file structure34.cif (mmCIF, N, CA and C atoms)
data_run
loop_
_atom_site.label_atom_id
_atom_site.label_comp_id
_atom_site.auth_asym_id
_atom_site.auth_seq_id
_atom_site.Cartn_x
_atom_site.Cartn_y
_atom_site.Cartn_z
N MET R 1 0.83 -1.17 0.00
CA MET R 1 0.00 0.00 0.00
C MET R 1 0.89 1.24 0.00
N VAL R 2 0.54 2.21 -0.82
CA VAL R 2 1.31 3.43 -0.92
C VAL R 2 0.74 4.47 0.03
N GLU R 3 1.61 5.06 0.84
CA GLU R 3 1.17 6.10 1.76
C GLU R 3 1.37 7.46 1.11
N THR R 4 0.38 8.31 1.26
CA THR R 4 0.44 9.65 0.69
C THR R 4 0.40 10.66 1.83
N THR R 5 1.34 11.60 1.81
CA THR R 5 1.34 12.62 2.84
C THR R 5 0.29 13.67 2.48
N LEU R 6 -0.07 14.48 3.47
CA LEU R 6 -1.08 15.51 3.25
C LEU R 6 -0.63 16.52 2.21
N SER R 7 0.62 16.90 2.21
CA SER R 7 1.11 17.87 1.23
C SER R 7 1.07 17.30 -0.19
N GLU R 8 1.37 16.02 -0.35
CA GLU R 8 1.27 15.38 -1.66
C GLU R 8 -0.18 15.32 -2.13
N PHE R 9 -1.08 15.02 -1.19
CA PHE R 9 -2.50 14.94 -1.53
C PHE R 9 -3.01 16.30 -1.98
N LEU R 10 -2.62 17.37 -1.27
CA LEU R 10 -3.11 18.70 -1.61
C LEU R 10 -2.51 19.24 -2.90
N ARG R 11 -1.34 18.76 -3.29
CA ARG R 11 -0.75 19.18 -4.56
C ARG R 11 -1.34 18.43 -5.75
N SER R 12 -2.04 17.35 -5.49
CA SER R 12 -2.64 16.58 -6.58
C SER R 12 -3.98 17.19 -6.98
N ASP R 13 -4.64 16.57 -7.94
CA ASP R 13 -5.95 17.03 -8.39
C ASP R 13 -7.09 16.53 -7.52
N ALA R 14 -6.79 15.69 -6.54
CA ALA R 14 -7.84 15.08 -5.72
C ALA R 14 -8.72 16.09 -4.99
N PRO R 15 -8.18 17.13 -4.37
CA PRO R 15 -9.07 18.10 -3.71
C PRO R 15 -9.99 18.83 -4.69
N LEU R 16 -9.48 19.12 -5.87
CA LEU R 16 -10.31 19.78 -6.88
C LEU R 16 -11.43 18.86 -7.35
N VAL R 17 -11.13 17.60 -7.56
CA VAL R 17 -12.15 16.63 -7.96
C VAL R 17 -13.20 16.51 -6.86
N ALA R 18 -12.75 16.44 -5.61
CA ALA R 18 -13.69 16.35 -4.49
C ALA R 18 -14.58 17.58 -4.42
N LEU R 19 -14.02 18.76 -4.65
CA LEU R 19 -14.80 20.00 -4.64
C LEU R 19 -15.82 20.01 -5.77
N VAL R 20 -15.42 19.59 -6.96
CA VAL R 20 -16.35 19.54 -8.09
C VAL R 20 -17.48 18.57 -7.80
N LEU R 21 -17.16 17.40 -7.25
CA LEU R 21 -18.19 16.42 -6.92
C LEU R 21 -19.14 16.95 -5.84
N PHE R 22 -18.58 17.60 -4.82
CA PHE R 22 -19.40 18.11 -3.73
C PHE R 22 -20.35 19.20 -4.22
N VAL R 23 -19.82 20.13 -4.99
CA VAL R 23 -20.67 21.22 -5.49
C VAL R 23 -21.70 20.69 -6.48
N GLY R 24 -21.29 19.76 -7.35
CA GLY R 24 -22.20 19.22 -8.34
C GLY R 24 -23.34 18.41 -7.75
N ILE R 25 -23.06 17.66 -6.70
CA ILE R 25 -24.09 16.81 -6.11
C ILE R 25 -24.80 17.52 -4.97
N ALA R 26 -24.04 17.91 -3.95
CA ALA R 26 -24.67 18.51 -2.77
C ALA R 26 -25.16 19.93 -3.07
N GLY R 27 -24.37 20.70 -3.79
CA GLY R 27 -24.77 22.08 -4.08
C GLY R 27 -26.04 22.16 -4.90
N SER R 28 -26.11 21.37 -5.95
CA SER R 28 -27.32 21.40 -6.78
C SER R 28 -28.50 20.77 -6.04
N GLY R 29 -28.24 19.80 -5.16
CA GLY R 29 -29.32 19.21 -4.38
C GLY R 29 -29.89 20.18 -3.36
N VAL R 30 -29.03 20.94 -2.71
CA VAL R 30 -29.49 21.94 -1.74
C VAL R 30 -30.25 23.05 -2.46
N ALA R 31 -29.75 23.47 -3.62
CA ALA R 31 -30.46 24.49 -4.40
C ALA R 31 -31.83 23.98 -4.83
N ARG R 32 -31.91 22.72 -5.25
CA ARG R 32 -33.19 22.13 -5.66
C ARG R 32 -34.16 22.10 -4.48
N TRP R 33 -33.65 21.72 -3.30
CA TRP R 33 -34.48 21.69 -2.10
C TRP R 33 -34.98 23.10 -1.75
N GLY R 34 -34.08 24.07 -1.83
CA GLY R 34 -34.46 25.44 -1.49
C GLY R 34 -35.54 25.99 -2.40
N PHE R 35 -35.38 25.77 -3.69
CA PHE R 35 -36.41 26.23 -4.62
C PHE R 35 -37.72 25.46 -4.43
N GLY R 36 -37.62 24.20 -4.05
CA GLY R 36 -38.82 23.42 -3.75
C GLY R 36 -39.56 23.97 -2.54
N GLN R 37 -38.82 24.42 -1.54
CA GLN R 37 -39.44 25.01 -0.36
C GLN R 37 -40.13 26.33 -0.69
N LEU R 38 -39.64 27.02 -1.70
CA LEU R 38 -40.26 28.27 -2.12
C LEU R 38 -41.43 28.05 -3.07
N GLY R 39 -41.68 26.79 -3.42
CA GLY R 39 -42.79 26.48 -4.33
C GLY R 39 -42.40 26.54 -5.79
N LEU R 40 -41.12 26.58 -6.06
CA LEU R 40 -40.63 26.64 -7.44
C LEU R 40 -40.00 25.30 -7.82
N ASP R 41 -40.84 24.26 -7.83
CA ASP R 41 -40.33 22.91 -8.06
C ASP R 41 -39.68 22.75 -9.43
N VAL R 42 -40.29 23.29 -10.46
CA VAL R 42 -39.76 23.13 -11.81
C VAL R 42 -38.40 23.80 -11.93
N LEU R 43 -38.28 25.02 -11.40
CA LEU R 43 -36.99 25.70 -11.43
C LEU R 43 -35.95 24.93 -10.64
N GLY R 44 -36.33 24.37 -9.51
CA GLY R 44 -35.42 23.55 -8.72
C GLY R 44 -34.95 22.32 -9.48
N GLN R 45 -35.84 21.69 -10.20
CA GLN R 45 -35.47 20.52 -10.99
C GLN R 45 -34.51 20.91 -12.12
N ILE R 46 -34.77 22.04 -12.75
CA ILE R 46 -33.89 22.50 -13.83
C ILE R 46 -32.50 22.81 -13.27
N ILE R 47 -32.45 23.47 -12.13
CA ILE R 47 -31.16 23.80 -11.49
C ILE R 47 -30.41 22.51 -11.15
N PHE R 48 -31.12 21.52 -10.61
CA PHE R 48 -30.46 20.26 -10.25
C PHE R 48 -29.90 19.56 -11.48
N VAL R 49 -30.69 19.48 -12.52
CA VAL R 49 -30.23 18.80 -13.74
C VAL R 49 -29.05 19.53 -14.35
N MET R 50 -29.11 20.86 -14.40
CA MET R 50 -28.00 21.63 -14.96
C MET R 50 -26.74 21.50 -14.10
N GLY R 51 -26.89 21.54 -12.78
CA GLY R 51 -25.74 21.40 -11.89
C GLY R 51 -25.11 20.02 -11.97
N TYR R 52 -25.93 19.00 -11.98
CA TYR R 52 -25.41 17.63 -12.02
C TYR R 52 -24.77 17.33 -13.38
N SER R 53 -25.44 17.72 -14.46
CA SER R 53 -24.86 17.47 -15.78
C SER R 53 -23.63 18.34 -16.01
N GLY R 54 -23.60 19.54 -15.45
CA GLY R 54 -22.41 20.38 -15.54
C GLY R 54 -21.24 19.74 -14.82
N MET R 55 -21.50 19.12 -13.67
CA MET R 55 -20.45 18.43 -12.95
C MET R 55 -19.90 17.26 -13.76
N VAL R 56 -20.80 16.49 -14.36
CA VAL R 56 -20.37 15.36 -15.19
C VAL R 56 -19.52 15.85 -16.35
N PHE R 57 -19.93 16.95 -16.99
CA PHE R 57 -19.16 17.48 -18.12
C PHE R 57 -17.78 17.96 -17.67
N VAL R 58 -17.71 18.67 -16.54
CA VAL R 58 -16.42 19.17 -16.05
C VAL R 58 -15.49 18.01 -15.71
N LEU R 59 -16.00 16.97 -15.07
CA LEU R 59 -15.17 15.81 -14.76
C LEU R 59 -14.71 15.10 -16.04
N TRP R 60 -15.60 14.98 -17.01
CA TRP R 60 -15.20 14.35 -18.27
C TRP R 60 -14.17 15.20 -18.99
N TYR R 61 -14.41 16.49 -19.10
CA TYR R 61 -13.53 17.37 -19.87
C TYR R 61 -12.17 17.54 -19.19
N GLY R 62 -12.17 17.63 -17.86
CA GLY R 62 -10.93 17.91 -17.16
C GLY R 62 -10.07 16.71 -16.85
N TRP R 63 -10.70 15.55 -16.60
CA TRP R 63 -9.91 14.41 -16.14
C TRP R 63 -10.04 13.16 -17.00
N ILE R 64 -11.17 12.91 -17.60
CA ILE R 64 -11.34 11.66 -18.34
C ILE R 64 -10.94 11.82 -19.80
N ARG R 65 -11.32 12.91 -20.45
CA ARG R 65 -11.03 13.11 -21.87
C ARG R 65 -9.54 13.09 -22.18
N PRO R 66 -8.68 13.73 -21.35
CA PRO R 66 -7.25 13.72 -21.69
C PRO R 66 -6.57 12.36 -21.57
N LEU R 67 -7.21 11.37 -20.94
CA LEU R 67 -6.57 10.07 -20.81
C LEU R 67 -6.42 9.41 -22.17
N ASN R 68 -5.27 8.84 -22.40
CA ASN R 68 -5.01 8.16 -23.65
C ASN R 68 -5.24 6.67 -23.43
N ILE R 69 -6.49 6.25 -23.61
CA ILE R 69 -6.86 4.87 -23.36
C ILE R 69 -6.88 4.13 -24.70
N THR R 70 -5.97 3.21 -24.84
CA THR R 70 -5.90 2.42 -26.07
C THR R 70 -5.82 0.94 -25.71
N GLY R 71 -6.24 0.16 -26.61
CA GLY R 71 -6.18 -1.29 -26.43
C GLY R 71 -4.85 -1.83 -26.93
N PRO R 72 -4.71 -3.13 -26.88
CA PRO R 72 -3.45 -3.73 -27.36
C PRO R 72 -3.33 -3.54 -28.88
N GLU R 73 -2.12 -3.37 -29.29
CA GLU R 73 -1.89 -3.15 -30.73
C GLU R 73 -1.31 -4.38 -31.38
#

call {"tool": "encode", "arguments": {"input": "structure34.cif", "output": "structure tokens"}}
result
Amino acid sequence: MVETTLSEFLRSDAPLVALVLFVGIAGSGVARWGFGQLGLDVLGQIIFVMGYSGMVFVLWYGWIRPLNITGPE
């Protein structure tokens, strides 16, 4: 098992990925709940879908797309 120090962890992309995931899931969920409490259910659903799909796009564009995944040649 490889041990990672806190400074190595903070210099990596892991905190940024965690922040994107947290904002995309929890942030859009809290916004959806808030708009639902105000009686704006449709707007809350739109905000949630846009936030969640935006998170998926950012993760794909920033971390998955640049990977050079090839099969055996």

call {"tool": "residues_around", "arguments": {"input": "structure34.cif", "residues": "Gly51 in chain R", "least_positions_apart": "2", "cutoff": "7 Å", "atoms": "all atoms listed in the file", "output": "ChimeraX atom specification"}}
result
/R:23-25,28,46-49,53-56

call {"tool": "atom_distance", "arguments": {"input": "structure34.cif", "atom1": "atom C of Val20 in chain R", "atom2": "CA of Phe35 in chain R"}}
result
20.7 Å

call {"tool": "atom_distance", "arguments": {"input": "structure34.cif", "atom1": "atom C of Arg32 in chain R", "atom2": "atom C of Leu19 in chain R"}}
result
18.5 Å

call {"tool": "select_by_dssp", "arguments": {"input": "structure34.cif", "residues": "chain R", "states": "helix (DSSP H, G or I)", "output": "VMD selection string"}}
result
chain R and resid 6 to 11 14 to 37 41 to 64

call {"tool": "atom_distance", "arguments": {"input": "structure34.cif", "atom1": "atom C of Gly44 in chain R", "atom2": "atom N of Gly29 in chain R"}}
result
8.4 Å

call {"tool": "closest_residue", "arguments": {"input": "structure34.cif", "among": "R:Tyr52, R:Glu3, R:Leu67, R:Trp60", "to": "Ala26 in chain R", "atoms": "only C-alpha atoms"}}
result
R:Tyr52

call {"tool": "axis_aligned_box", "arguments": {"input": "structure34.cif", "around": "range 39-48 of chain R", "padding_each_side": "3 Å", "output": "JSON"}}
result
{"center_x": -36.3, "center_y": 23.2, "center_z": -8.6, "size_x": 18.9, "size_y": 13.2, "size_z": 16.4}

call {"tool": "decode", "arguments": {"input": "structure34.cif", "residues": "range 5-47 of chain R", "atoms": "C-alpha atoms", "output": "short mmCIF file (atom, residue, chain, number, x, y, z; two decimals), in the first residue's frame"}}
result
data_model
loop_
_atom_site.label_atom_id
_atom_site.label_comp_id
_atom_site.auth_asym_id
_atom_site.auth_seq_id
_atom_site.Cartn_x
_atom_site.Cartn_y
_atom_site.Cartn_z
CA THR R 5 1.34 12.62 2.84
CA LEU R 6 -1.08 15.51 3.25
CA SER R 7 1.11 17.87 1.23
CA GLU R 8 1.27 15.38 -1.66
CA PHE R 9 -2.50 14.94 -1.53
CA LEU R 10 -3.11 18.70 -1.61
CA ARG R 11 -0.75 19.18 -4.56
CA SER R 12 -2.64 16.58 -6.58
CA ASP R 13 -5.95 17.03 -8.39
CA ALA R 14 -7.84 15.08 -5.72
CA PRO R 15 -9.07 18.10 -3.71
CA LEU R 16 -10.31 19.78 -6.88
CA VAL R 17 -12.15 16.63 -7.96
CA ALA R 18 -13.69 16.35 -4.49
CA LEU R 19 -14.80 20.00 -4.64
CA VAL R 20 -16.35 19.54 -8.09
CA LEU R 21 -18.19 16.42 -6.92
CA PHE R 22 -19.40 18.11 -3.73
CA VAL R 23 -20.67 21.22 -5.49
CA GLY R 24 -22.20 19.22 -8.34
CA ILE R 25 -24.09 16.81 -6.11
CA ALA R 26 -24.67 18.51 -2.77
CA GLY R 27 -24.77 22.08 -4.08
CA SER R 28 -27.32 21.40 -6.78
CA GLY R 29 -29.32 19.21 -4.38
CA VAL R 30 -29.49 21.94 -1.74
CA ALA R 31 -30.46 24.49 -4.40
CA ARG R 32 -33.19 22.13 -5.66
CA TRP R 33 -34.48 21.69 -2.10
CA GLY R 34 -34.46 25.44 -1.49
CA PHE R 35 -36.41 26.23 -4.62
CA GLY R 36 -38.82 23.42 -3.75
CA GLN R 37 -39.44 25.01 -0.36
CA LEU R 38 -40.26 28.27 -2.12
CA GLY R 39 -42.79 26.48 -4.33
CA LEU R 40 -40.63 26.64 -7.44
CA ASP R 41 -40.33 22.91 -8.06
CA VAL R 42 -39.76 23.13 -11.81
CA LEU R 43 -36.99 25.70 -11.43
CA GLY R 44 -35.42 23.55 -8.72
CA GLN R 45 -35.47 20.52 -10.99
CA ILE R 46 -33.89 22.50 -13.83
CA ILE R 47 -31.16 23.80 -11.49
#
